[in-house]
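Q: Before we start, here is the structure in question, set down as structure tokens.
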Number of protein chains: 2
Amino acid sequence: MSFDRLMEKIIEMGNPTVVGLDPKLEYVPEFIQKGAFAENGADLRGAAHAIWRFNKAIIDEICDIVPAIKPQSAYYEMYGYHGIKALYKTISYAKKKGMFVIVDGKRNDIGATMEAYSAAYLGSTPVKGAEFEGFGADALTVNGYLGTDGITPLTDLCKKNDKGIFVLVKTSNKSSGELQDRALDDGKTIYETMGEMCEKWGEDSIGKYGYSAVGAVVGATYPEQLEEMRKKLPHTFFLVPGYGAQGGGAEGVAKGFDERGLGAIVNSSRAIMCAYQKEGCPPEEFAEAAKRECIRMRADITKFVTALKE
Amino acid sequence: MSFDRLMEKIIEMGNPTVVGLDPKLEYVPEFIQKGAFAENGADLRGAAHAIWRFNKAIIDEICDIVPAIKPQSAYYEMYGYHGIKALYKTISYAKKKGMFVIVDGKRNDIGATMEAYSAAYLGSTPVKGAEFEGFGADALTVNGYLGTDGITPLTDLCKKNDKGIFVLVKTSNKSSGELQDRALDDGKTIYETMGEMCEKWGEDSIGKYGYSAVGAVVGATYPEQLEEMRKKLPHTFFLVPGYGAQGGGAEGVAKGFDERGLGAIVNSSRAIMCAYQKEGCPPEEFAEAAKRECIRMRADITKFVTALKE
């Protein structure tokens, strides 16, 4: 009932990073695509198989040094239900390998419908008296535009099943400020207000490191806001996207951590998945190249984030 | 490139309503569940088959009198990838029967990721030179918290493929006001500001009825805001949830329409799917009962929405 499980892995591995598995087909080496198409057809099913093989190989390489993966749902949904099956297999496999799995789905809806999303990702669905996990993730990203009704079904399940959510506070994209940076009539920005709601939503799920089960997404591309939010939201664990390919640097992301070196996890996706292209190594080494990039990223960030210990 | 296609169906059928297909397993009559479990197992796969059979029978009954369906993605995701296959089959079948399909997914993300969602729901995904539709819907609900970056990939595809989106403006749930009703420093509310963004995002996709490809979700449970938004957003077509089970009445939802009786479509989900339970008719008649409820709803709403003609 908090992000303790994730923080324990982060401390154990000395690595506050998460690998975003957003496998566009063009990132998958040709030899994997060929094999998958030959066996399954050159269509959505074949593409989904290619993605699954790509993910599996990367998970095998990184599971001992990286605490978590963050599959982005959109990159599976674009391959239809075949893609969703690849997402399910990726989640199951990463969990089997001991990784913490954050599904990046940014889900949001009214209360009754959020119960269905909660069941899908953080809980289970009853069928004829038995319970079945739809996806069985450890955490889900969500959008809080609908207010408390849309969050309560998730926090209830987080407490029951030891899971977590990340609410969008300040996103990493260029136009995030159009709405999120606007000031309300009390002088506070919308992102600040959303951040305060996260503190409130999490107040009864605070774990041993002082963080609740309600985390926040705060982009690496806005280090000032990251620093501001870290100070104002002492119980809210941060998922920090935007490092690397999107332009956020290690010195900036370090502002998302507390004085113990805790309180945040930094995501990188493309730089890791496509490390073999950047390195120019043989495509057969894509997974090893991904691991090398993970090690480089860990070194880069831990230069600035000092402790990682209580 | 607008909601013209949908409006033509609405005018032709004299029916500005959409059936929400949010099939929780408990809504599906026992005899369908039994058959589906016997053939596929009493698990997520069996449940997904039951849901698909339930949907198909309802679509068969209503496709001649109702212009559109709105499957809510959460209720399929809770059955894992089997559920998503049922969603895909439901969309394909409804389209084959001539219906307009709105996927209620409230998707949102940064630009590059929204391209993937756009491809999934409103476009197609390339695999080895050929294009494949992931879901092939006509419209998608989205959340605009991330600003313009997260909307442009969708509007580009809407124009290219004659599709539409509905952006959450004022949602139907109780806590929608926590954020959406807050006033910004210019005195405008957040929902009003989001509504103005919809007008801007849609300005180059206005169709023959004066409405663009960028619609808005405005809940029936807040008729005053519905009336206000109708006046302030002359080019924004409304998807109005919250009628019936959630408490919105026909006189209230009528405020979402313009003086021609156009500009909105009203959703009902549970009241239609569970009409057989309310009626107390034999469960075998669930689809006919759903149709009777659709007819009742149409009569109820068209009492107040006068024209439905240009």
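Chain labels follow the order of the structure tokens: the first chain is A, the next B, and so on; residue numbering restarts at 1 in every chain, and ligands are counted from 1 in their shown order.
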Which residues of chain A are close to chain B, meaning at most 6 Å apart when you count only C-alpha atoms, and how do they look as a PyMOL selection string?
A: chain A and resi 43+74-75+77-81+84-85+110+116-117+119-120+127+134+146-149+173+175-176+178+183-185
Q: Can you tell me, as a list of chain:residue names, what residues are no more than 9 Å from stretch 89-95 of chain A when counting only C-alpha atoms, ignoring any on the same chain fewer than 3 positions away?
A: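 Surrounding residues, per the criterion: A:Trp52, A:Asn55, A:Lys56, A:Ile59, A:Asp60, A:Cys63, A:Ala68, A:Ile69, A:Pro71, A:Ile84, A:Lys85, A:Ala86, A:Gly98, A:Met99, A:Phe100, A:Val101, A:Ile102, A:Val103, A:Phe135, A:Gly136, A:Ala137, A:Asp138.
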Q: Which residue is closest to A:Gly35? Choose from A:Leu21, A:Ala50, A:Val218, A:Ile265 and count only C-alpha atoms.
A: A:Ala50
Q: Using only C-alpha atoms, determine which residues lie at most 10 Å from A:Ile62, disregarding the query and same-chain residues fewer than 4 positions distant; provide the list as an NGL selection string.
A: :A and (19 or 57-58 or 66-69 or 97 or 99 or 287-288 or 290-292 or 294-295)
Q: Residues at most 12 Å from B:Lys278, counting only C-alpha atoms, excluding those fewer than 4 positions away in the same chain, as a tab-separated table (two decimals) with C-alpha atoms, in the first residue's frame?
A:
chain	number	residue	atom	x	y	z
B	27	TYR	CA	-25.63	-7.52	-17.30
B	245	ALA	CA	-29.24	5.94	-14.92
B	270	ARG	CA	-27.12	0.67	-18.48
B	271	ALA	CA	-30.81	1.50	-18.97
B	272	ILE	CA	-30.63	-0.05	-22.44
B	273	MET	CA	-28.37	-3.03	-21.70
B	274	CYS	CA	-30.38	-3.92	-18.59
B	282	PRO	CA	-37.87	-13.27	-20.12
B	283	PRO	CA	-34.07	-12.90	-20.33
B	286	PHE	CA	-32.96	-8.89	-23.68
B	289	ALA	CA	-36.14	-5.05	-24.48
B	290	ALA	CA	-33.05	-2.99	-25.32
B	292	ARG	CA	-37.92	-0.95	-26.66
B	293	GLU	CA	-35.85	1.18	-24.29
Q: Env of B:Leu226: 12 Å cut, atoms = only C-alpha atoms, seq-sep filter 4 positions within chain, self excluded. Answer as a VMD selection string.
A: chain B and resid 169 to 172 191 to 192 195 216 to 222 230 to 233 236 to 242 248 251 to 258 263 to 264 266
Q: Mind the document's chain letters and residue numbers, and return as a PyMOL selection string the residues of stretch 91-274 of chain B that DSSP labels helix (DSSP H, G or I).
A: chain B and resi 91-96+111-122+148-150+152-161+174-180+190-201+223-232+244-246+250-256+270-273
Q: From stretch 151-188 of chain B, collect each residue whose DSSP state is strand (DSSP E or B) and return the set as number ranges by chain.
A: B: 164-170, 183-184
Q: Selected residues, N, CA and C atoms, written as a PDB file, in the first residue's frame, please.
A:
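Written out: part-v5.pdb:
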ATOM      1  N   GLY B 164     -13.695  11.697 -36.026  1.00  0.00           N
ATOM      2  CA  GLY B 164     -13.902  12.759 -35.045  1.00  0.00           C
ATOM      3  C   GLY B 164     -13.350  12.405 -33.673  1.00  0.00           C
ATOM      4  N   ILE B 165     -13.190  13.414 -32.833  1.00  0.00           N
ATOM      5  CA  ILE B 165     -12.823  13.175 -31.430  1.00  0.00           C
ATOM      6  C   ILE B 165     -13.759  13.965 -30.525  1.00  0.00           C
ATOM      7  N   PHE B 166     -13.920  13.495 -29.309  1.00  0.00           N
ATOM      8  CA  PHE B 166     -14.651  14.229 -28.280  1.00  0.00           C
ATOM      9  C   PHE B 166     -13.700  14.479 -27.119  1.00  0.00           C
ATOM     10  N   VAL B 167     -13.473  15.750 -26.813  1.00  0.00           N
ATOM     11  CA  VAL B 167     -12.572  16.122 -25.724  1.00  0.00           C
ATOM     12  C   VAL B 167     -13.398  16.304 -24.449  1.00  0.00           C
ATOM     13  N   LEU B 168     -12.910  15.783 -23.330  1.00  0.00           N
ATOM     14  CA  LEU B 168     -13.614  15.974 -22.062  1.00  0.00           C
ATOM     15  C   LEU B 168     -13.631  17.445 -21.705  1.00  0.00           C
ATOM     16  N   VAL B 169     -14.813  18.005 -21.565  1.00  0.00           N
ATOM     17  CA  VAL B 169     -14.939  19.398 -21.143  1.00  0.00           C
ATOM     18  C   VAL B 169     -15.529  19.429 -19.737  1.00  0.00           C
ATOM     19  N   LYS B 170     -16.800  19.004 -19.631  1.00  0.00           N
ATOM     20  CA  LYS B 170     -17.445  18.965 -18.316  1.00  0.00           C
ATOM     21  C   LYS B 170     -18.043  17.577 -18.160  1.00  0.00           C
ATOM     22  N   ALA B 183     -12.137  28.443 -11.208  1.00  0.00           N
ATOM     23  CA  ALA B 183     -11.928  29.610 -12.064  1.00  0.00           C
ATOM     24  C   ALA B 183     -10.438  29.886 -12.222  1.00  0.00           C
ATOM     25  N   LEU B 184     -10.048  30.204 -13.437  1.00  0.00           N
ATOM     26  CA  LEU B 184      -8.667  30.633 -13.698  1.00  0.00           C
ATOM     27  C   LEU B 184      -8.548  32.126 -13.374  1.00  0.00           C
TER      28      LEU B 184
END
Q: From the options A:Gly244, A:Cys281, A:Gly261, A:Pro223, which residue's atoms come nearest to A:Tyr209, counting only C-alpha atoms?
A: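 Ranking A:Gly244, A:Cys281, A:Gly261, A:Pro223 by distance to A:Tyr209, first place goes to A:Gly261.
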